[in-house]
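Content type PDB, C-alpha atoms (C1' of nucleotides), from the file upload_4.pdb:
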ATOM      1  CA  MET A 152      -8.344   5.759-110.317  1.00  0.00           C
ATOM      2  CA  ASN A 153      -5.635   5.956-107.718  1.00  0.00           C
ATOM      3  CA  LYS A 154      -6.622   6.307-104.154  1.00  0.00           C
ATOM      4  CA  PRO A 155      -6.074   9.705-102.628  1.00  0.00           C
ATOM      5  CA  ILE A 156      -2.840  10.059-100.737  1.00  0.00           C
ATOM      6  CA  GLU A 157      -4.726  10.776 -97.549  1.00  0.00           C
ATOM      7  CA  GLU A 158      -6.153   7.334 -97.623  1.00  0.00           C
ATOM      8  CA  LEU A 159      -2.816   5.729 -98.296  1.00  0.00           C
ATOM      9  CA  ILE A 160      -1.163   7.322 -95.285  1.00  0.00           C
ATOM     10  CA  GLY A 161      -4.148   6.757 -93.053  1.00  0.00           C
ATOM     11  CA  LYS A 162      -5.334  10.299 -92.835  1.00  0.00           C
ATOM     12  CA  LYS A 163      -8.449  11.839 -94.114  1.00  0.00           C
ATOM     13  CA  ASN A 164      -8.773  15.277 -95.459  1.00  0.00           C
ATOM     14  CA  LEU A 165     -10.407  16.938 -92.526  1.00  0.00           C
ATOM     15  CA  SER A 166      -8.232  19.990 -92.558  1.00  0.00           C
ATOM     16  CA  ALA A 167     -10.608  21.829 -94.828  1.00  0.00           C
ATOM     17  CA  SER A 168     -13.543  21.786 -92.455  1.00  0.00           C
ATOM     18  CA  PRO A 169     -14.307  25.052 -90.652  1.00  0.00           C
ATOM     19  CA  PHE A 170     -13.815  23.805 -87.155  1.00  0.00           C
ATOM     20  CA  PHE A 171     -10.412  22.329 -87.835  1.00  0.00           C
ATOM     21  CA  LYS A 172      -9.211  25.414 -89.597  1.00  0.00           C
ATOM     22  CA  LYS A 173     -10.001  27.438 -86.522  1.00  0.00           C
ATOM     23  CA  VAL A 174      -8.218  24.948 -84.352  1.00  0.00           C
ATOM     24  CA  TYR A 175      -5.120  25.117 -86.498  1.00  0.00           C
ATOM     25  CA  THR A 176      -5.180  28.893 -86.413  1.00  0.00           C
ATOM     26  CA  LEU A 177      -5.074  28.868 -82.637  1.00  0.00           C
ATOM     27  CA  VAL A 178      -2.500  26.142 -82.282  1.00  0.00           C
ATOM     28  CA  ALA A 179      -0.222  28.035 -84.612  1.00  0.00           C
ATOM     29  CA  GLN A 180      -0.122  30.821 -82.017  1.00  0.00           C
ATOM     30  CA  ILE A 181       1.429  28.737 -79.278  1.00  0.00           C
ATOM     31  CA  PRO A 182       5.035  29.836 -78.885  1.00  0.00           C
ATOM     32  CA  GLU A 183       8.005  27.574 -78.443  1.00  0.00           C
ATOM     33  CA  GLY A 184       8.437  26.514 -74.855  1.00  0.00           C
ATOM     34  CA  LYS A 185       4.744  26.623 -74.158  1.00  0.00           C
ATOM     35  CA  VAL A 186       2.030  23.999 -74.248  1.00  0.00           C
ATOM     36  CA  SER A 187      -1.724  24.010 -74.189  1.00  0.00           C
ATOM     37  CA  ALA A 188      -4.387  21.432 -73.455  1.00  0.00           C
ATOM     38  CA  TYR A 189      -6.841  20.069 -75.982  1.00  0.00           C
ATOM     39  CA  GLY A 190      -9.572  21.475 -73.810  1.00  0.00           C
ATOM     40  CA  ASP A 191      -7.912  24.872 -73.638  1.00  0.00           C
ATOM     41  CA  VAL A 192      -8.119  25.209 -77.395  1.00  0.00           C
ATOM     42  CA  ALA A 193     -11.720  24.105 -77.415  1.00  0.00           C
ATOM     43  CA  LYS A 194     -12.551  26.584 -74.714  1.00  0.00           C
ATOM     44  CA  ALA A 195     -10.847  29.369 -76.595  1.00  0.00           C
ATOM     45  CA  LEU A 196     -13.167  28.629 -79.474  1.00  0.00           C
ATOM     46  CA  GLY A 197     -16.139  28.892 -77.162  1.00  0.00           C
ATOM     47  CA  ILE A 198     -16.892  25.182 -77.330  1.00  0.00           C
ATOM     48  CA  SER A 199     -15.554  24.011 -74.019  1.00  0.00           C
ATOM     49  CA  GLY A 200     -16.689  20.442 -74.488  1.00  0.00           C
ATOM     50  CA  ALA A 201     -14.967  19.895 -77.784  1.00  0.00           C
ATOM     51  CA  ALA A 202     -11.640  18.696 -76.457  1.00  0.00           C
ATOM     52  CA  ARG A 203     -12.082  15.431 -78.229  1.00  0.00           C
ATOM     53  CA  ALA A 204     -12.771  17.081 -81.516  1.00  0.00           C
ATOM     54  CA  VAL A 205      -9.587  19.099 -81.091  1.00  0.00           C
ATOM     55  CA  GLY A 206      -7.758  15.834 -80.707  1.00  0.00           C
ATOM     56  CA  THR A 207      -9.210  14.669 -83.966  1.00  0.00           C
ATOM     57  CA  ALA A 208      -7.990  17.846 -85.566  1.00  0.00           C
ATOM     58  CA  MET A 209      -4.480  17.248 -84.301  1.00  0.00           C
ATOM     59  CA  ALA A 210      -4.510  13.678 -85.504  1.00  0.00           C
ATOM     60  CA  ASN A 211      -5.301  14.951 -88.958  1.00  0.00           C
ATOM     61  CA  ASN A 212      -2.972  17.891 -89.028  1.00  0.00           C
ATOM     62  CA  ARG A 213      -1.467  18.214 -92.464  1.00  0.00           C
ATOM     63  CA  ASP A 214       0.770  21.154 -91.837  1.00  0.00           C
ATOM     64  CA  SER A 215       2.942  20.288 -88.875  1.00  0.00           C
ATOM     65  CA  LYS A 216       5.410  22.797 -90.195  1.00  0.00           C
ATOM     66  CA  HIS A 217       3.137  25.659 -89.181  1.00  0.00           C
ATOM     67  CA  VAL A 218       0.878  23.904 -86.722  1.00  0.00           C
ATOM     68  CA  PRO A 219       2.939  22.682 -83.766  1.00  0.00           C
ATOM     69  CA  CYS A 220       0.589  19.962 -82.680  1.00  0.00           C
ATOM     70  CA  HIS A 221       3.194  18.504 -80.321  1.00  0.00           C
ATOM     71  CA  ARG A 222       2.453  21.443 -78.041  1.00  0.00           C
ATOM     72  CA  ILE A 223      -1.049  20.224 -77.361  1.00  0.00           C
ATOM     73  CA  VAL A 224      -1.204  17.951 -74.342  1.00  0.00           C
ATOM     74  CA  ARG A 225      -3.740  16.526 -71.916  1.00  0.00           C
ATOM     75  CA  SER A 226      -5.310  18.569 -69.184  1.00  0.00           C
ATOM     76  CA  ASP A 227      -3.528  16.583 -66.488  1.00  0.00           C
ATOM     77  CA  GLY A 228      -0.098  17.356 -67.908  1.00  0.00           C
ATOM     78  CA  ASN A 229       0.396  14.053 -69.647  1.00  0.00           C
ATOM     79  CA  VAL A 230       1.721  14.501 -73.176  1.00  0.00           C
ATOM     80  CA  GLY A 231      -0.933  12.303 -74.666  1.00  0.00           C
ATOM     81  CA  PHE A 232      -0.607  10.827 -78.116  1.00  0.00           C
ATOM     82  CA  TYR A 233       1.401  11.924 -81.101  1.00  0.00           C
ATOM     83  CA  LYS A 234       1.614  11.050 -84.760  1.00  0.00           C
ATOM     84  CA  GLY A 235      -1.434   8.900 -84.718  1.00  0.00           C
ATOM     85  CA  GLY A 236      -1.171   7.157 -81.386  1.00  0.00           C
ATOM     86  CA  PRO A 237       0.741   6.180 -78.263  1.00  0.00           C
ATOM     87  CA  GLU A 238       3.796   5.110 -80.239  1.00  0.00           C
ATOM     88  CA  GLY A 239       4.636   8.746 -80.773  1.00  0.00           C
ATOM     89  CA  SER A 240       4.394   9.880 -77.176  1.00  0.00           C
ATOM     90  CA  MET A 241       8.100   9.558 -76.466  1.00  0.00           C
ATOM     91  CA  GLU A 242       9.008  11.608 -79.485  1.00  0.00           C
ATOM     92  CA  LYS A 243       6.511  14.221 -78.379  1.00  0.00           C
ATOM     93  CA  ARG A 244       8.102  14.316 -74.960  1.00  0.00           C
ATOM     94  CA  LYS A 245      11.536  14.753 -76.473  1.00  0.00           C
ATOM     95  CA  ARG A 246      10.441  17.553 -78.740  1.00  0.00           C
ATOM     96  CA  LEU A 247       8.935  19.404 -75.828  1.00  0.00           C
ATOM     97  CA  MET A 248      12.015  18.894 -73.692  1.00  0.00           C
ATOM     98  CA  ASP A 249      14.100  20.347 -76.484  1.00  0.00           C
ATOM     99  CA  GLU A 250      11.948  23.440 -76.209  1.00  0.00           C
ATOM    100  CA  GLY A 251      12.558  23.745 -72.494  1.00  0.00           C
ATOM    101  CA  ILE A 252       9.514  22.009 -71.075  1.00  0.00           C
ATOM    102  CA  GLU A 253      10.337  20.105 -67.906  1.00  0.00           C
ATOM    103  CA  PHE A 254       9.140  16.581 -67.243  1.00  0.00           C
ATOM    104  CA  LEU A 255       8.857  14.386 -64.212  1.00  0.00           C
ATOM    105  CA  GLU A 256      11.548  11.750 -64.063  1.00  0.00           C
ATOM    106  CA  SER A 257      10.828   8.794 -66.349  1.00  0.00           C
ATOM    107  CA  SER A 258       7.357  10.038 -66.927  1.00  0.00           C
ATOM    108  CA  LEU A 259       5.232  11.397 -69.694  1.00  0.00           C
ATOM    109  CA  LYS A 260       3.950  14.045 -67.320  1.00  0.00           C
ATOM    110  CA  ILE A 261       5.015  17.641 -67.457  1.00  0.00           C
ATOM    111  CA  LYS A 262       6.430  19.135 -64.286  1.00  0.00           C
ATOM    112  CA  ASN A 263       4.853  22.449 -63.278  1.00  0.00           C
ATOM    113  CA  PHE A 264       2.349  22.172 -66.060  1.00  0.00           C
ATOM    114  CA  ASP A 265       0.867  25.432 -64.939  1.00  0.00           C
ATOM    115  CA  LYS A 266       4.074  27.263 -65.590  1.00  0.00           C
ATOM    116  CA  PHE A 267       4.215  26.249 -69.243  1.00  0.00           C
ATOM    117  CA  ARG A 268       0.519  26.277 -69.960  1.00  0.00           C
ATOM    118  CA  TYR A 269      -0.625  28.720 -72.615  1.00  0.00           C
ATOM    119  CA  LYS A 270      -4.205  29.896 -72.672  1.00  0.00           C
ATOM    120  CA  LYS A 271      -4.291  33.425 -73.950  1.00  0.00           C
ATOM    121  CA  PHE A 272      -5.214  32.839 -77.545  1.00  0.00           C
ATOM    122  CA  ASN A 273      -5.866  35.727 -79.843  1.00  0.00           C
ATOM    123  CA  ILE A 274      -9.208  35.257 -81.451  1.00  0.00           C
ATOM    124  CA  SER A 275     -10.478  37.717 -83.953  1.00  0.00           C
ATOM    125  CA  LEU A 276     -14.214  37.923 -84.142  1.00  0.00           C
ATOM    126  CA  GLN A 277     -13.864  37.231 -87.824  1.00  0.00           C
ATOM    127  CA  GLU A 278     -12.223  33.909 -87.307  1.00  0.00           C
ATOM    128  CA  ILE A 279     -14.925  32.747 -84.999  1.00  0.00           C
ATOM    129  CA  THR A 280     -17.776  34.034 -87.026  1.00  0.00           C
ATOM    130  CA  LYS A 281     -16.764  32.925 -90.453  1.00  0.00           C
ATOM    131  CA  SER A 282     -18.563  29.715 -90.878  1.00  0.00           C
TER     132      SER A 282
ATOM    133  C1'  DT B 151     -31.180  11.196 -90.839  1.00  0.00           C
ATOM    134  C1'  DG B 152     -28.518   8.115 -87.967  1.00  0.00           C
ATOM    135  C1'  DT B 153     -24.282   5.687 -86.459  1.00  0.00           C
ATOM    136  C1'  DG B 154     -19.479   5.151 -85.395  1.00  0.00           C
ATOM    137  C1'  DT B 155     -14.987   7.171 -84.436  1.00  0.00           C
ATOM    138  C1'  DG B 156     -11.229   9.279 -81.575  1.00  0.00           C
ATOM    139  C1'  DA B 157      -3.879  12.441 -80.126  1.00  0.00           C
ATOM    140  C1'  DC B 158     -10.042  14.339 -74.614  1.00  0.00           C
ATOM    141  C1'  DA B 159     -11.974  15.639 -69.706  1.00  0.00           C
ATOM    142  C1'  DA B 160     -14.008  15.381 -65.249  1.00  0.00           C
ATOM    143  C1'  DA B 161     -15.779  12.720 -61.853  1.00  0.00           C
ATOM    144  C1'  DG B 162     -16.023   8.465 -59.254  1.00  0.00           C
ATOM    145  C1'  DC B 163     -13.760   4.830 -56.873  1.00  0.00           C
TER     146       DC B 163
ATOM    147  C1'  DA C 287      -1.767   8.172 -57.576  1.00  0.00           C
ATOM    148  C1'  DG C 288      -3.909   5.321 -60.880  1.00  0.00           C
ATOM    149  C1'  DC C 289      -7.640   3.062 -62.908  1.00  0.00           C
ATOM    150  C1'  DT C 290     -12.694   2.993 -65.142  1.00  0.00           C
ATOM    151  C1'  DT C 291     -16.974   5.237 -66.516  1.00  0.00           C
ATOM    152  C1'  DT C 292     -19.543   8.519 -68.557  1.00  0.00           C
ATOM    153  C1'  DG C 293     -20.236  12.672 -71.175  1.00  0.00           C
ATOM    154  C1'  DC C 294     -18.703  15.440 -74.965  1.00  0.00           C
ATOM    155  C1'  DC C 295     -18.080  17.213 -79.738  1.00  0.00           C
ATOM    156  C1'  DA C 296     -17.374  17.714 -84.914  1.00  0.00           C
ATOM    157  C1'  DC C 297     -16.994  15.005 -88.761  1.00  0.00           C
ATOM    158  C1'  DA C 298     -17.100  11.075 -92.175  1.00  0.00           C
ATOM    159  C1'  DC C 299     -20.011   7.702 -94.363  1.00  0.00           C
TER     160       DC C 299
END

Using the file provided, produce a representation of the structure as structure tokens.
Amino acid sequence: MNKPIEELIGKKNLSASPFFKKVYTLVAQIPEGKVSAYGDVAKALGISGAARAVGTAMANNRDSKHVPCHRIVRSDGNVGFYKGGPEGSMEKRKRLMDEGIEFLESSLKIKNFDKFRYKKFNISLQEITKS
DNA sequence: TGTGTGACAAAGC
DNA sequence: AGCTTTGCCACAC
């Protein structure tokens, strides 16, 4: 038997689990030119302490075409990791800059984080409730 | 059931 | 302003 592709590329198939599906649904709402923190997403789901779990969800995102995981950053304005780890941080920064996000000079930190921060997620009761 | 993992966060220094 | 420490959570095995 061949190994599943997920294993070959270093990702596991977490995207099917309920929690991650909800996360992806929210992240998909973030418009271009806006960013949100891992913790913001967790909070929107009513699990304010699950920032770390949101990070896990991003690391295992299978559908970057519809789930703009580069728009999820750290609560202090640092871009955080991308595409599996710190190697991707610069690319993440570039992608965000291309969308109009401003950065501090030679830094991975967003300037005026507040100004670009998106928190108003639309959550239907259904999405939360459905286990 | 219990343990280990990680793209985090807030507090402490 | 930049560490380190400690707490957190969902999920895989």

Problem set entry | Interface, chain C side, toward chain A (10 Å; only C-alpha atoms (C1' of nucleotides)) as a list in words |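 Here is what falls inside 10 Å: DG293, DC294, DC295, DA296, DC297 and DA298 of chain C.
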
Export of the given selection (C-alpha atoms (C1' of nucleotides)) as a compact mmCIF listing (two decimals), keeping the file's coordinate frame:
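Saved as out21.txt:
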# COMPACT_ATOMS: atom_id res chain seq x y z
C1' DG C 293 -20.24 12.67 -71.18
C1' DC C 294 -18.70 15.44 -74.96
C1' DC C 295 -18.08 17.21 -79.74
C1' DA C 296 -17.37 17.71 -84.91
C1' DC C 297 -16.99 15.00 -88.76
C1' DA C 298 -17.10 11.08 -92.18

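Separating atom CA of A:Cys220 from atom C1' of C:DT291 is a distance of 28.0 Å.
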
Problem set entry | Polymer residues at most 9 Å from B:DA157, all atoms listed in the file, same-chain spacing of 2 or more positions, as a PyMOL selection string | chain A and resi 203+205-210+223-224+231-237

Report the residues retrieved by the PyMOL selection byres ((chain A and resi 270) around 8) from the displayed file, expressed as a PDB file with C-alpha atoms, in the frame of the given file.
ATOM      1  CA  SER A 187      -1.724  24.010 -74.189  1.00  0.00           C
ATOM      2  CA  ASP A 191      -7.912  24.872 -73.638  1.00  0.00           C
ATOM      3  CA  VAL A 192      -8.119  25.209 -77.395  1.00  0.00           C
ATOM      4  CA  ALA A 195     -10.847  29.369 -76.595  1.00  0.00           C
ATOM      5  CA  ARG A 268       0.519  26.277 -69.960  1.00  0.00           C
ATOM      6  CA  TYR A 269      -0.625  28.720 -72.615  1.00  0.00           C
ATOM      7  CA  LYS A 271      -4.291  33.425 -73.950  1.00  0.00           C
ATOM      8  CA  PHE A 272      -5.214  32.839 -77.545  1.00  0.00           C
TER       9      PHE A 272
END

Exercise. So which one's closest to A:Asp249, A:Leu177, A:His221, A:Tyr189, A:Lys194? Using all atoms listed in the file, please.
Worked result: A:His221

For this session: Step by step, work through what the PyMOL selection byres ((chain B and resi 162) around 9) selects in the shown file, and finish by giving those residues as a ChimeraX atom specification.
Result: /B:161,163 /C:290-291

Write a file of the selected residues as a PDB file, in the coordinates of the input, keeping C-alpha atoms (C1' of nucleotides).
ATOM      1  C1'  DA B 161     -15.779  12.720 -61.853  1.00  0.00           C
ATOM      2  C1'  DC B 163     -13.760   4.830 -56.873  1.00  0.00           C
TER       3       DC B 163
ATOM      4  C1'  DT C 290     -12.694   2.993 -65.142  1.00  0.00           C
ATOM      5  C1'  DT C 291     -16.974   5.237 -66.516  1.00  0.00           C
TER       6       DT C 291
END

Exercise. Within 10 Å of chain A, which residues of chain B show up when using only C-alpha atoms (C1' of nucleotides), listed as an MDAnalysis selection string?
Worked result: chainID B and resid 155:159

Exercise. What gap, in Å, lies between atom CA of A:Asn212 and atom CA of A:Pro182?
Worked result: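 Straight-line distance from atom CA of A:Asn212 to atom CA of A:Pro182 works out to 17.6 Å.
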
Near-A:Leu247 list (10 Å; only C-alpha atoms (C1' of nucleotides); drop same-chain fewer than 2 positions) as a PDB file with C-alpha atoms, in the frame of the given file:
ATOM      1  CA  GLU A 183       8.005  27.574 -78.443  1.00  0.00           C
ATOM      2  CA  GLY A 184       8.437  26.514 -74.855  1.00  0.00           C
ATOM      3  CA  LYS A 185       4.744  26.623 -74.158  1.00  0.00           C
ATOM      4  CA  VAL A 186       2.030  23.999 -74.248  1.00  0.00           C
ATOM      5  CA  HIS A 221       3.194  18.504 -80.321  1.00  0.00           C
ATOM      6  CA  ARG A 222       2.453  21.443 -78.041  1.00  0.00           C
ATOM      7  CA  VAL A 230       1.721  14.501 -73.176  1.00  0.00           C
ATOM      8  CA  MET A 241       8.100   9.558 -76.466  1.00  0.00           C
ATOM      9  CA  GLU A 242       9.008  11.608 -79.485  1.00  0.00           C
ATOM     10  CA  LYS A 243       6.511  14.221 -78.379  1.00  0.00           C
ATOM     11  CA  ARG A 244       8.102  14.316 -74.960  1.00  0.00           C
ATOM     12  CA  LYS A 245      11.536  14.753 -76.473  1.00  0.00           C
ATOM     13  CA  ASP A 249      14.100  20.347 -76.484  1.00  0.00           C
ATOM     14  CA  GLU A 250      11.948  23.440 -76.209  1.00  0.00           C
ATOM     15  CA  GLY A 251      12.558  23.745 -72.494  1.00  0.00           C
ATOM     16  CA  ILE A 252       9.514  22.009 -71.075  1.00  0.00           C
ATOM     17  CA  GLU A 253      10.337  20.105 -67.906  1.00  0.00           C
ATOM     18  CA  PHE A 254       9.140  16.581 -67.243  1.00  0.00           C
ATOM     19  CA  ILE A 261       5.015  17.641 -67.457  1.00  0.00           C
TER      20      ILE A 261
END

For this session: Report the distance between atom CA of A:Tyr175 and atom CA of A:Asn273 in Å, rounded to one decimal place.
Result: 12.5 Å
